[in-house]
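Reviewing the structure listed below.
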Amino acid sequence: MREQLVLLDNVVFKYDGQEHNAVDHVSFDVFKGEWLAIVGHNGSGKSTLAKLLNGLQFPLEGKIIVNGMELSEESVWDVRKRIGMVFQNPDNQFVGTTVQDDVAFGLENAGIEPEIMRERVKNALKRVKMDQFLNQEPHHLSGGQKQRVAIAGVLALQPDIIILDEATSMLDPRGREEVLETVRELKEENVLTVISITHDLEEAAKADRMIVMNQGTVYRNGTPREIFQLEEELISLGLDIPFSIKLAKSLRENGVEIEDRQLTDGELVKELCELNSRM
Amino acid sequence: MRIELQDVEYRYQVNTPFERLAIHDVNLVIEPGTYTALIGHTGSGKSTILQHLNGLLQPTKGKIQVGDRTIEAGKKEKQLRPIRKKVGIVFQFAEHQLFEETVEKDICFGPINFGVPEADAKLLARDALKQVGLGEEILGKSPFDLSGGQMRRVAIAGVLAMEPEVLVLDEPTAGLDPRGRKEIMDMFYQLHQERGISTVLVTHSMEDAARYADEIVIMHKGTVYQKGSPNEVFSQPEQLVELGLDVPDTVRFQLRLQKEMGVRFDKPCLNIEELAMEIKRVMKWGERS
Ligand SMILES: Nc1ncnc2c1ncn2[C@@H]1O[C@H](COP(=O)(O)OP(=O)(O)O)[C@@H](O)[C@H]1O
Ligand SMILES: Nc1ncnc2c1ncn2[C@@H]1O[C@H](COP(=O)(O)OP(=O)(O)O)[C@@H](O)[C@H]1O
Ligand SMILES: [Mg+2]
Ligand SMILES: [Mg+2]
């Protein structure tokens, strides 16, 4: 049985002065231990969803339940201990003058005792492989390192869920991989449930489940395999499809009998090998 | 307009404890009407080079020829404005530099600053807005009421309105959705082709470098590591992988097939269609069935 961690029930949100709902009757669940990728065009409501989940905004209609608790002005502080956020810009996330101060900041706010705090800070930085940098000034770090410190700041609060809102989009490929690898490991260790908002289709293809947002609504909810079946439909929504699916399609058009949609390079290579041995 | 960098070095914060050698021994020619992609790790010196192309930074050694102007290390350079007008830079996350009350004022700021009469600047603004795929109805809006993607386009329009001869683009599509990315890249390419604008693109996308550029320049540790056509550069993909850089998806897939199936490709494939046909060919499927 999948254990439900979060439930969004018909959530509506509109910014003051805007004509349309930024989030328009959205419902979905998030299950414990999964990696949920949320994709969608710029302006489709993804960041607004993240803000609603983190209690930075509240629904105008509908409700959000986190761990059985309805998210409201009263419960928001409890909920924030359960859901941590990492944002896009690594430079906007720092408050401390050293790496460890920065990670400690959230704990201080939560009123954690100094002794426990030091331990948690060290552990969190170890988890993201940044424990060598305790006393560094954050602005001397690379983008990937900064985002890992931001993740440590979230981990130190021991949340159930981490939301990455395009957290790798300002990084170079190496920084991006560092960050994703770190989060993957945490997820494997069953430490975290991950909600990753991303334009990186190769990353989304590796998720357990995907949600496609379009103009404030959930357009589709399914496994990457189901979602990427949509091919042209995704492109018409302003999105893209993974390389291996495009190549398989082109191979089919050239008369090579590739059957399924191959979500990763590895799957496609395997299929080509099999095809080759049958020929 | 031709740009040439000769033995260029740049140090940030010279004669302070924070002095830092950012680029050295850079030799590079941007011929008129060409499309150059500059690739390399964060910190390899790409943005520093870009800022030399229009005189925002002056070399600490060596010299730069921009059209008929020479900018030399150690000399006080005045009157760089004509160069700044001819070489337009779209900075990374360009929307962070929007500041005027309305979109129109923001786009007109550059041209007016360079002496274009207001009425003409307004016409340029309309034209530039159309280029970037936005409608005139937003001219009167505050840039800060727009979506992130629209703000980026407005910032780009502000550079286009100066009618530069050379366009310098520092990761212009970072953070945009796939359609936005493609639209903007196609728009720059169209400008390059139709108006002969020389284009210098900094990107982490090897697909874009392969698709659009005539020449790819690989930066590594502050200097030019290699340059050549996409075909040349990507025919030695192992080198790039060794530097920890990406290769195009198609080339990455070729490498993997070579490794796991023992097939050999004669050349790098730079688009999917070509790769599909090559796969069919090297596996001789066409002949056997
Ligand atoms: N602070 C804000 N004030 C007004 N409108 C906003 C604000 N933030 C976002 N919006 C609007 O809400 C919609 C959804 O935006 P957002 O959630 O940021 O989308 P995404 O993260 O998918 O790009 C867009 O139309 C956007 O312009
Ligand atoms: N304003 C600055 N002050 C000091 N050092 C800088 C500054 N800007 C860049 N650098 C340094 O110069 C080198 C090259 O940086 P940059 O040109 O920004 O590289 P890239 O654009 O390839 O990421 C790096 O070591 C960077 O830390
Ligand atoms: Mg967003
Ligand atoms: Mg740069």
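Please note that chains go A, B, ... in the order of the structure tokens, that every chain numbers its residues from 1, and that ligands are numbered from 1 in the order shown.
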
Where does chain B meet ligand 3 within 12 Å, residue by residue, with the nearest atom pair and distance in Å to one decimal for each, counting only C-alpha atoms and all ligand atoms, listed by chain and rising number, as a Markdown table?
```
| residue | atom | partner | partner_atom_place_in_ligand_line | distance |
| --- | --- | --- | --- | --- |
| B:Ser147 | CA | ligand 3 | 1 (Mg) | 9.6 |
| B:Gly148 | CA | ligand 3 | 1 (Mg) | 8.3 |
| B:Gly149 | CA | ligand 3 | 1 (Mg) | 10.1 |
| B:Gly175 | CA | ligand 3 | 1 (Mg) | 9.0 |
| B:Leu176 | CA | ligand 3 | 1 (Mg) | 9.6 |
| B:Asp177 | CA | ligand 3 | 1 (Mg) | 10.0 |
```

Q. When the cut-off is 9 Å and you count only C-alpha atoms and all ligand atoms, which residues lie near ligand 4, shown as an MDAnalysis selection string?
A. chainID B and resid 41:48 50 91:92 170:171 202

Selection export as a PDB file, in the first residue's frame, atoms kept: N, CA and C atoms:
```pdb
ATOM      1  N   HIS B  41      33.423  24.862 -18.554  1.00  0.00           N
ATOM      2  CA  HIS B  41      32.878  24.849 -17.200  1.00  0.00           C
ATOM      3  C   HIS B  41      32.601  26.232 -16.660  1.00  0.00           C
ATOM      4  N   THR B  42      31.774  26.289 -15.643  1.00  0.00           N
ATOM      5  CA  THR B  42      31.633  27.503 -14.853  1.00  0.00           C
ATOM      6  C   THR B  42      33.016  27.881 -14.331  1.00  0.00           C
ATOM      7  N   GLY B  43      33.366  29.152 -14.479  1.00  0.00           N
ATOM      8  CA  GLY B  43      34.665  29.592 -13.984  1.00  0.00           C
ATOM      9  C   GLY B  43      35.779  29.488 -15.008  1.00  0.00           C
ATOM     10  N   SER B  44      35.475  28.971 -16.214  1.00  0.00           N
ATOM     11  CA  SER B  44      36.540  28.802 -17.210  1.00  0.00           C
ATOM     12  C   SER B  44      36.866  30.112 -17.925  1.00  0.00           C
ATOM     13  N   GLY B  45      36.079  31.159 -17.697  1.00  0.00           N
ATOM     14  CA  GLY B  45      36.428  32.471 -18.238  1.00  0.00           C
ATOM     15  C   GLY B  45      35.529  32.983 -19.347  1.00  0.00           C
ATOM     16  N   LYS B  46      34.418  32.298 -19.600  1.00  0.00           N
ATOM     17  CA  LYS B  46      33.554  32.668 -20.718  1.00  0.00           C
ATOM     18  C   LYS B  46      32.974  34.074 -20.557  1.00  0.00           C
ATOM     19  N   SER B  47      32.374  34.329 -19.399  1.00  0.00           N
ATOM     20  CA  SER B  47      31.741  35.644 -19.206  1.00  0.00           C
ATOM     21  C   SER B  47      32.784  36.756 -19.222  1.00  0.00           C
ATOM     22  N   THR B  48      33.959  36.467 -18.724  1.00  0.00           N
ATOM     23  CA  THR B  48      35.028  37.472 -18.736  1.00  0.00           C
ATOM     24  C   THR B  48      35.394  37.832 -20.178  1.00  0.00           C
ATOM     25  N   LEU B  50      33.433  37.579 -22.802  1.00  0.00           N
ATOM     26  CA  LEU B  50      32.315  38.316 -23.399  1.00  0.00           C
ATOM     27  C   LEU B  50      32.392  39.803 -23.088  1.00  0.00           C
ATOM     28  N   PHE B  91      23.006  39.561 -21.155  1.00  0.00           N
ATOM     29  CA  PHE B  91      23.628  38.913 -20.010  1.00  0.00           C
ATOM     30  C   PHE B  91      22.789  37.747 -19.520  1.00  0.00           C
ATOM     31  N   GLN B  92      23.424  36.898 -18.713  1.00  0.00           N
ATOM     32  CA  GLN B  92      22.696  35.801 -18.076  1.00  0.00           C
ATOM     33  C   GLN B  92      21.575  36.366 -17.222  1.00  0.00           C
ATOM     34  N   ASP B 170      24.926  35.421 -23.324  1.00  0.00           N
ATOM     35  CA  ASP B 170      25.456  34.619 -22.217  1.00  0.00           C
ATOM     36  C   ASP B 170      24.341  33.733 -21.662  1.00  0.00           C
ATOM     37  N   GLU B 171      24.299  32.496 -22.098  1.00  0.00           N
ATOM     38  CA  GLU B 171      23.248  31.552 -21.711  1.00  0.00           C
ATOM     39  C   GLU B 171      21.861  32.186 -21.729  1.00  0.00           C
ATOM     40  N   VAL B 202      27.311  31.841 -25.454  1.00  0.00           N
ATOM     41  CA  VAL B 202      27.818  31.003 -24.375  1.00  0.00           C
ATOM     42  C   VAL B 202      26.704  30.049 -23.985  1.00  0.00           C
TER      43      VAL B 202
END
```

Q | Neighbour list for Leu146 in chain B as a ChimeraX atom specification, cut-off 12 Å, only C-alpha atoms, skip fewer than 3 positions in-chain | A | /A:18,42-43 /B:95,98,102-103,134,138-143,149-155

Counting only C-alpha atoms, collect the residues of chain A whose closest atom lies at most 8 Å from chain B, and write them out as a compact mmCIF listing (two decimals) with all heavy atoms, in the first residue's frame.
```txt
# COMPACT_ATOMS: atom_id res chain seq x y z
N GLY A 40 5.92 21.45 -16.70
CA GLY A 40 4.90 22.35 -17.26
C GLY A 40 5.57 23.61 -17.77
O GLY A 40 6.65 23.96 -17.34
N HIS A 41 4.86 24.29 -18.69
CA HIS A 41 5.44 25.50 -19.30
C HIS A 41 5.66 26.59 -18.25
O HIS A 41 5.09 26.52 -17.16
CB HIS A 41 4.53 26.00 -20.42
CG HIS A 41 3.13 26.36 -19.97
ND1 HIS A 41 2.83 27.59 -19.42
CD2 HIS A 41 1.98 25.66 -19.96
CE1 HIS A 41 1.55 27.62 -19.11
NE2 HIS A 41 1.01 26.46 -19.42
N ASN A 42 6.48 27.58 -18.58
CA ASN A 42 6.68 28.73 -17.69
C ASN A 42 5.31 29.36 -17.44
O ASN A 42 4.55 29.59 -18.37
CB ASN A 42 7.59 29.80 -18.33
CG ASN A 42 9.05 29.37 -18.39
OD1 ASN A 42 9.68 29.42 -19.44
ND2 ASN A 42 9.59 28.93 -17.27
N GLY A 43 5.00 29.59 -16.19
CA GLY A 43 3.72 30.22 -15.87
C GLY A 43 2.58 29.23 -15.68
O GLY A 43 1.43 29.64 -15.53
N GLU A 166 13.00 23.98 -9.54
CA GLU A 166 14.02 24.25 -10.56
C GLU A 166 15.38 24.49 -9.91
O GLU A 166 16.13 25.38 -10.33
CB GLU A 166 13.62 25.43 -11.45
CG GLU A 166 12.33 25.16 -12.21
CD GLU A 166 12.05 26.19 -13.29
OE1 GLU A 166 13.01 26.60 -13.97
OE2 GLU A 166 10.89 26.60 -13.43
N SER A 169 18.42 24.57 -12.24
CA SER A 169 18.36 25.20 -13.57
C SER A 169 19.40 26.30 -13.76
O SER A 169 19.69 26.69 -14.88
CB SER A 169 16.96 25.73 -13.85
OG SER A 169 16.70 26.86 -13.05
N MET A 170 20.00 26.80 -12.68
CA MET A 170 21.05 27.81 -12.86
C MET A 170 22.45 27.18 -12.79
O MET A 170 23.44 27.88 -12.78
CB MET A 170 20.92 28.91 -11.81
CG MET A 170 19.74 29.82 -12.09
SD MET A 170 19.48 31.11 -10.86
CE MET A 170 20.68 32.33 -11.36
N ASP A 172 25.64 24.48 -14.00
CA ASP A 172 26.16 23.84 -15.20
C ASP A 172 25.94 22.33 -15.06
O ASP A 172 25.54 21.85 -14.01
CB ASP A 172 27.61 24.25 -15.46
CG ASP A 172 28.58 23.74 -14.41
OD1 ASP A 172 28.17 22.95 -13.54
OD2 ASP A 172 29.75 24.13 -14.46
N PRO A 173 26.15 21.58 -16.16
CA PRO A 173 25.81 20.15 -16.13
C PRO A 173 26.45 19.41 -14.96
O PRO A 173 25.82 18.55 -14.35
CB PRO A 173 26.36 19.64 -17.47
CG PRO A 173 26.32 20.83 -18.36
CD PRO A 173 26.63 22.01 -17.48
N ARG A 174 27.68 19.77 -14.63
CA ARG A 174 28.35 19.07 -13.54
C ARG A 174 27.67 19.37 -12.20
O ARG A 174 27.40 18.47 -11.42
CB ARG A 174 29.81 19.49 -13.50
CG ARG A 174 30.64 18.69 -12.54
CD ARG A 174 32.05 19.23 -12.47
NE ARG A 174 32.91 18.65 -13.49
CZ ARG A 174 34.20 18.96 -13.63
NH1 ARG A 174 34.74 19.86 -12.85
NH2 ARG A 174 34.92 18.38 -14.56
N HIS A 199 12.48 21.43 -15.74
CA HIS A 199 12.32 21.42 -17.20
C HIS A 199 13.20 20.34 -17.83
O HIS A 199 13.23 20.19 -19.04
CB HIS A 199 12.74 22.77 -17.81
CG HIS A 199 11.79 23.88 -17.51
ND1 HIS A 199 10.44 23.78 -17.73
CD2 HIS A 199 12.01 25.12 -17.02
CE1 HIS A 199 9.87 24.91 -17.37
NE2 HIS A 199 10.79 25.74 -16.93
N ILE A 235 4.74 18.23 -26.68
CA ILE A 235 5.41 19.30 -27.42
C ILE A 235 4.45 20.45 -27.65
O ILE A 235 4.81 21.62 -27.50
CB ILE A 235 6.02 18.75 -28.73
CG1 ILE A 235 7.20 17.85 -28.35
CG2 ILE A 235 6.48 19.87 -29.65
CD1 ILE A 235 7.79 17.05 -29.46
N GLY A 238 4.32 22.89 -25.00
CA GLY A 238 5.53 23.67 -24.76
C GLY A 238 6.63 22.87 -24.10
O GLY A 238 7.65 23.40 -23.70
N LEU A 239 6.42 21.54 -23.99
CA LEU A 239 7.42 20.71 -23.32
C LEU A 239 8.22 19.93 -24.35
O LEU A 239 8.16 20.20 -25.53
CB LEU A 239 6.71 19.77 -22.34
CG LEU A 239 5.86 20.53 -21.34
CD1 LEU A 239 5.13 19.58 -20.42
CD2 LEU A 239 6.73 21.49 -20.53
N ASP A 240 8.96 18.97 -23.89
CA ASP A 240 9.83 18.21 -24.78
C ASP A 240 9.75 16.75 -24.36
O ASP A 240 9.11 16.42 -23.36
CB ASP A 240 11.26 18.75 -24.65
CG ASP A 240 12.11 18.43 -25.88
OD1 ASP A 240 11.61 17.76 -26.79
OD2 ASP A 240 13.27 18.85 -25.89
N PHE A 243 15.47 12.27 -25.16
CA PHE A 243 16.22 11.95 -26.38
C PHE A 243 15.96 10.54 -26.89
O PHE A 243 15.74 10.33 -28.07
CB PHE A 243 17.72 12.15 -26.10
CG PHE A 243 18.61 11.59 -27.15
CD1 PHE A 243 18.75 12.25 -28.35
CD2 PHE A 243 19.27 10.39 -26.96
CE1 PHE A 243 19.57 11.74 -29.35
CE2 PHE A 243 20.08 9.86 -27.95
CZ PHE A 243 20.23 10.53 -29.14
N LYS A 246 12.80 10.20 -28.82
CA LYS A 246 12.89 10.84 -30.15
C LYS A 246 13.68 9.96 -31.11
O LYS A 246 13.29 9.80 -32.27
CB LYS A 246 13.59 12.19 -30.04
CG LYS A 246 12.77 13.27 -29.40
CD LYS A 246 13.48 14.60 -29.58
CE LYS A 246 13.31 15.47 -28.36
NZ LYS A 246 14.29 16.53 -28.26
N LEU A 247 14.77 9.40 -30.61
CA LEU A 247 15.60 8.57 -31.49
C LEU A 247 14.84 7.30 -31.90
O LEU A 247 14.86 6.91 -33.06
CB LEU A 247 16.93 8.21 -30.80
CG LEU A 247 17.87 7.30 -31.60
CD1 LEU A 247 18.21 7.91 -32.95
CD2 LEU A 247 19.15 7.02 -30.81
N SER A 250 12.50 8.12 -34.59
CA SER A 250 13.17 8.30 -35.87
C SER A 250 13.62 6.96 -36.45
O SER A 250 13.54 6.75 -37.67
CB SER A 250 14.35 9.25 -35.69
OG SER A 250 14.95 9.54 -36.91
N LEU A 251 14.05 6.05 -35.58
CA LEU A 251 14.44 4.72 -36.05
C LEU A 251 13.23 4.00 -36.65
O LEU A 251 13.32 3.39 -37.71
CB LEU A 251 15.03 3.90 -34.89
CG LEU A 251 16.47 4.24 -34.50
CD1 LEU A 251 16.82 3.67 -33.13
CD2 LEU A 251 17.46 3.73 -35.55
N ASN A 254 12.45 5.11 -39.93
CA ASN A 254 13.41 4.61 -40.91
C ASN A 254 13.31 3.09 -41.07
O ASN A 254 14.24 2.46 -41.58
CB ASN A 254 14.82 5.00 -40.51
CG ASN A 254 15.15 6.43 -40.94
OD1 ASN A 254 15.39 6.69 -42.11
ND2 ASN A 254 15.11 7.35 -40.01
N VAL A 256 13.23 0.66 -38.73
CA VAL A 256 13.79 -0.24 -37.72
C VAL A 256 12.68 -0.56 -36.72
O VAL A 256 12.01 0.33 -36.22
CB VAL A 256 14.98 0.43 -36.99
CG1 VAL A 256 15.51 -0.49 -35.90
CG2 VAL A 256 16.07 0.78 -37.98
N ASP A 265 18.63 6.14 -22.44
CA ASP A 265 19.61 5.64 -23.40
C ASP A 265 19.85 4.16 -23.18
O ASP A 265 19.89 3.37 -24.12
CB ASP A 265 20.95 6.37 -23.22
CG ASP A 265 20.92 7.79 -23.75
OD1 ASP A 265 19.82 8.26 -24.10
OD2 ASP A 265 21.99 8.42 -23.80
N VAL A 269 19.61 1.20 -25.91
CA VAL A 269 20.79 0.43 -26.33
C VAL A 269 20.49 -1.06 -26.16
O VAL A 269 20.79 -1.87 -27.04
CB VAL A 269 22.03 0.83 -25.49
CG1 VAL A 269 23.18 -0.15 -25.73
CG2 VAL A 269 22.48 2.24 -25.84
N CYS A 273 20.53 -3.91 -29.02
CA CYS A 273 21.37 -5.11 -28.92
C CYS A 273 20.54 -6.36 -29.19
O CYS A 273 20.95 -7.24 -29.94
CB CYS A 273 21.99 -5.23 -27.52
SG CYS A 273 23.37 -4.14 -27.24
N ASN A 276 19.64 -6.67 -32.75
CA ASN A 276 20.81 -7.03 -33.53
C ASN A 276 21.06 -8.53 -33.47
O ASN A 276 21.40 -9.16 -34.47
CB ASN A 276 22.03 -6.28 -33.00
CG ASN A 276 23.09 -6.10 -34.07
OD1 ASN A 276 22.75 -5.98 -35.25
ND2 ASN A 276 24.33 -6.10 -33.67
N MET A 279 18.72 -10.54 -35.68
CA MET A 279 18.81 -10.35 -37.12
C MET A 279 19.76 -11.35 -37.76
O MET A 279 20.76 -11.70 -37.20
CB MET A 279 19.30 -8.94 -37.42
CG MET A 279 18.24 -7.92 -37.09
SD MET A 279 17.51 -7.34 -38.60
CE MET A 279 16.49 -6.02 -38.05
```

Q. Counting only C-alpha atoms, what is within 12 Å of Gln229 in chain A, bar same-chain residues fewer than 5 positions away, as a PyMOL selection string?
A. chain A and resi 205+220+222-224+234-235+240-242+245-246+249+260-263

Hey, could you make a per-residue contact list for chain A against ligand 2 with 10 Å as the cut-off, showing the nearest pair of atoms and its distance in Å to one decimal, counting only C-alpha atoms and all ligand atoms, sorted by chain and number, as CSV?
```
residue,atom,partner,partner_atom_place_in_ligand_line,distance
A:His140,CA,ligand 2,27 (O),8.3
A:Leu141,CA,ligand 2,27 (O),9.6
A:Ser142,CA,ligand 2,27 (O),9.0
A:Asp172,CA,ligand 2,23 (O),8.9
```
